[in-house]
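S.K.: File run.tsv below, TSV, C-alpha atoms:
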chain	number	residue	atom	x	y	z
A	242	MET	CA	0.00	0.00	0.00
A	243	ARG	CA	2.81	2.41	0.88
A	244	THR	CA	4.53	1.60	-2.39
A	245	LEU	CA	1.38	2.39	-4.35
A	246	LEU	CA	0.90	5.67	-2.47
A	247	ALA	CA	4.54	6.61	-3.05
A	248	ALA	CA	4.25	5.81	-6.77
A	249	ILE	CA	1.10	7.91	-7.14
A	250	THR	CA	2.74	10.81	-5.29
A	251	VAL	CA	5.78	10.66	-7.57
A	252	LEU	CA	3.58	10.59	-10.68
A	253	VAL	CA	1.57	13.61	-9.49
A	254	LEU	CA	4.71	15.57	-8.63
A	255	CYS	CA	6.25	14.76	-12.02
A	256	ARG	CA	3.10	15.86	-13.82
A	257	VAL	CA	3.04	19.17	-11.90
A	258	ALA	CA	6.72	19.78	-12.57
A	259	VAL	CA	6.44	19.04	-16.30
A	260	ALA	CA	3.15	20.84	-16.97
A	261	GLY	CA	3.87	24.46	-17.76
A	262	THR	CA	1.82	27.31	-19.04
A	263	VAL	CA	0.90	27.96	-22.65
A	264	GLN	CA	3.19	31.01	-22.53
A	265	GLN	CA	6.14	28.86	-21.43
A	266	ARG	CA	5.42	26.32	-24.16
A	267	ILE	CA	5.38	28.92	-26.93
A	268	ALA	CA	8.65	30.37	-25.64
A	269	SER	CA	10.42	27.01	-25.43
A	270	ASP	CA	8.95	25.06	-28.36
A	271	PRO	CA	9.42	26.63	-31.82
A	272	ALA	CA	7.04	24.07	-33.38
A	273	PHE	CA	4.17	25.06	-31.07
A	274	LYS	CA	1.53	27.07	-32.95
A	275	LEU	CA	-0.73	29.57	-31.20
A	276	TYR	CA	-3.35	31.75	-32.85
A	277	VAL	CA	-5.75	34.41	-31.64
A	278	ALA	CA	-9.28	33.39	-32.64
A	279	ILE	CA	-11.30	36.61	-32.79
A	280	PHE	CA	-15.09	36.53	-32.55
A	281	LYS	CA	-17.60	39.23	-33.49
A	282	VAL	CA	-20.45	39.08	-30.96
A	283	THR	CA	-23.90	40.63	-31.37
A	284	GLN	CA	-25.84	41.18	-28.20
A	285	ALA	CA	-29.54	42.08	-28.00
A	286	ALA	CA	-30.90	44.91	-25.86
A	287	ASP	CA	-31.93	42.37	-23.21
A	288	GLY	CA	-28.32	41.14	-22.92
A	289	SER	CA	-28.73	37.85	-24.75
A	290	VAL	CA	-26.10	36.91	-27.31
A	291	THR	CA	-27.86	36.64	-30.66
A	292	ASP	CA	-24.94	36.01	-33.02
A	293	VAL	CA	-21.28	34.97	-32.84
A	294	GLN	CA	-19.05	35.00	-35.93
A	295	LEU	CA	-15.45	33.88	-36.26
A	296	THR	CA	-13.27	36.54	-37.90
A	297	PRO	CA	-9.77	36.07	-39.36
A	298	SER	CA	-7.18	34.78	-36.89
A	299	VAL	CA	-3.74	36.16	-36.03
A	300	ASP	CA	-0.49	34.23	-35.50
A	301	VAL	CA	0.77	35.02	-31.99
A	302	ARG	CA	4.41	34.21	-32.75
A	303	TRP	CA	4.47	36.53	-35.80
A	304	GLN	CA	2.73	39.32	-33.89
A	305	HIS	CA	5.25	38.99	-31.04
A	306	ALA	CA	8.13	39.25	-33.52
A	307	HIS	CA	6.57	42.37	-35.13
A	308	PRO	CA	4.99	44.34	-32.25
A	309	ALA	CA	4.76	47.63	-34.17
A	310	ALA	CA	3.04	46.05	-37.19
A	311	ASP	CA	-0.70	45.86	-37.66
A	312	PRO	CA	-2.14	42.40	-36.96
A	313	ARG	CA	-1.86	40.26	-40.06
A	314	PRO	CA	-4.65	37.73	-40.64
A	315	VAL	CA	-3.52	34.17	-41.30
A	316	ASN	CA	-5.31	31.38	-43.07
A	317	VAL	CA	-5.68	28.71	-40.39
A	318	LYS	CA	-8.44	26.12	-40.32
A	319	ILE	CA	-10.07	26.25	-36.91
A	320	PRO	CA	-12.19	23.13	-36.25
A	321	ARG	CA	-15.94	23.45	-35.86
A	322	THR	CA	-15.75	21.73	-32.50
A	323	TYR	CA	-13.41	24.46	-31.22
A	324	VAL	CA	-15.70	27.20	-32.56
A	325	ALA	CA	-18.72	25.53	-30.93
A	326	ALA	CA	-16.91	25.35	-27.58
A	327	ALA	CA	-15.86	29.01	-27.88
A	328	VAL	CA	-19.40	30.10	-28.76
A	329	LYS	CA	-20.72	28.19	-25.75
A	330	ARG	CA	-18.20	29.96	-23.51
A	331	ILE	CA	-19.08	33.38	-25.01
A	332	ARG	CA	-22.80	32.81	-24.45
A	333	ALA	CA	-22.15	31.84	-20.82
A	334	LYS	CA	-19.72	34.68	-20.17
A	335	TYR	CA	-21.79	37.50	-21.65
A	336	ARG	CA	-25.24	36.28	-20.57
A	337	SER	CA	-25.54	38.68	-17.64
A	338	LEU	CA	-24.68	41.89	-19.48
A	339	ALA	CA	-27.83	43.89	-20.14
A	340	LYS	CA	-29.27	47.39	-20.51
A	341	HIS	CA	-26.96	49.13	-22.91
A	342	GLY	CA	-29.13	51.86	-24.35
A	343	GLY	CA	-31.95	49.63	-25.53
A	344	LYS	CA	-30.14	48.87	-28.80
A	345	PRO	CA	-28.33	45.76	-29.98
A	346	ARG	CA	-24.58	46.11	-29.72
A	347	GLN	CA	-21.63	44.47	-31.37
A	348	PHE	CA	-18.22	43.87	-29.88
A	349	TYR	CA	-15.20	41.65	-30.39
A	350	THR	CA	-13.69	39.13	-28.03
A	351	TYR	CA	-10.95	36.56	-28.46
A	352	PHE	CA	-9.56	33.25	-27.28
A	353	TYR	CA	-6.36	31.44	-28.12
A	354	TYR	CA	-6.31	28.38	-30.37
A	355	SER	CA	-3.51	25.85	-30.74
A	356	PRO	CA	-3.74	22.89	-33.14
A	357	GLN	CA	-1.52	20.92	-30.74
A	358	LEU	CA	-4.07	21.35	-27.90
A	359	GLY	CA	-7.07	20.34	-30.00
A	360	ASP	CA	-10.47	21.78	-29.13
A	361	ARG	CA	-9.36	23.38	-25.88
A	362	VAL	CA	-10.47	27.02	-25.63
A	363	ILE	CA	-7.65	29.02	-24.02
A	364	GLU	CA	-8.62	32.31	-22.38
A	365	ASP	CA	-5.19	33.23	-20.99
A	366	VAL	CA	-1.67	32.21	-21.97
A	367	HIS	CA	-0.88	31.82	-18.27
A	368	GLU	CA	-3.21	28.80	-18.10
A	369	ARG	CA	-1.62	25.42	-17.54
A	370	GLU	CA	-1.36	23.19	-20.58
What do you get writing this file as structure tokens?
M.R.:
Amino acid sequence: MRTLLAAITVLVLCRVAVAGTVQQRIASDPAFKLYVAIFKVTQAADGSVTDVQLTPSVDVRWQHAHPAADPRPVNVKIPRTYVAAAVKRIRAKYRSLAKHGGKPRQFYTYFYYSPQLGDRVIEDVHERE
């Protein structure tokens, strides 16, 4: 029993030590791709999200290398499952906003997308992988 407990503890500690943040991964792994997936959100006067559209994405590594340049859209295929997960998160996050002049409003929000992380919606590069 003690051996099993010791083995599980070692595995957990190794996992914590190895697992870094998305920011650390992009800094240390040149093959790691990270994009900003930008969404145009339309919100009704009652605060409900009526429409979410994916707009062109931006390569984070290129933007970091050219900070003074305007964002350059890239042609990256973002899976429908990722978009569906992002839309679900947008609808949950902006559900409570209401009363903005009685008119529908449009705004932009973004998440990070990495092909290596699959359908995972990343809100902050400081998140653990």
S.K.: For Ile331 of chain A, which of A:His367, A:Asp292, A:Pro297, A:Pro356 is the closest residue, counting all atoms listed in the file?
M.R.: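 Counting all atoms listed in the file, the residue closest to Ile331 of chain A is A:Asp292.
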S.K.: If we count only C-alpha atoms and set the cut-off at 8 Å, which residues sit around segment 266-283 of chain A, ignoring sequence neighbours fewer than 5 positions away in its own chain? Please answer as a count of residues only.
M.R.: 27
S.K.: Within 12 Å of (-5.8, 25.7, -15.1) in the file's own coordinates, which protein, DNA or RNA residues have an atom, counting only C-alpha atoms? List them as a ChimeraX atom specification.
M.R.: /A:257,260-263,361-370
S.K.: Just write the chosen residues, C-alpha atoms, as a PDB file, keeping the file's coordinate frame.
M.R.:
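Listing of out_4.pdb after writing:
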ATOM      1  CA  VAL A 257       3.040  19.170 -11.900  1.00  0.00           C
ATOM      2  CA  ALA A 260       3.150  20.840 -16.970  1.00  0.00           C
ATOM      3  CA  GLY A 261       3.870  24.460 -17.760  1.00  0.00           C
ATOM      4  CA  THR A 262       1.820  27.310 -19.040  1.00  0.00           C
ATOM      5  CA  VAL A 263       0.900  27.960 -22.650  1.00  0.00           C
ATOM      6  CA  ARG A 361      -9.360  23.380 -25.880  1.00  0.00           C
ATOM      7  CA  VAL A 362     -10.470  27.020 -25.630  1.00  0.00           C
ATOM      8  CA  ILE A 363      -7.650  29.020 -24.020  1.00  0.00           C
ATOM      9  CA  GLU A 364      -8.620  32.310 -22.380  1.00  0.00           C
ATOM     10  CA  ASP A 365      -5.190  33.230 -20.990  1.00  0.00           C
ATOM     11  CA  VAL A 366      -1.670  32.210 -21.970  1.00  0.00           C
ATOM     12  CA  HIS A 367      -0.880  31.820 -18.270  1.00  0.00           C
ATOM     13  CA  GLU A 368      -3.210  28.800 -18.100  1.00  0.00           C
ATOM     14  CA  ARG A 369      -1.620  25.420 -17.540  1.00  0.00           C
ATOM     15  CA  GLU A 370      -1.360  23.190 -20.580  1.00  0.00           C
TER      16      GLU A 370
END
S.K.: Could you tell me how far atom CA of Gly359 of chain A sits from atom CA of Val324 of chain A, in Å to one decimal place?
M.R.: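 Atom CA of Gly359 of chain A lies at a distance of 11.3 Å from atom CA of Val324 of chain A.
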S.K.: Hey, which of A:Ala309, A:Leu358, A:Ala327, A:Ala333 ends up closest to Ser289 of chain A? Count only C-alpha atoms.
M.R.: A:Ala333
S.K.: By how many Å are atom CA of Thr322 of chain A and atom CA of Tyr335 of chain A apart?
M.R.: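 So the two atoms, atom CA of Thr322 of chain A and atom CA of Tyr335 of chain A, lie 20.1 Å apart.
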S.K.: May I ask for the distance between atom CA of Arg336 of chain A and atom CA of Ala285 of chain A, given in Å to one decimal place?
M.R.: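 Distance between the two atoms: 10.4 Å.
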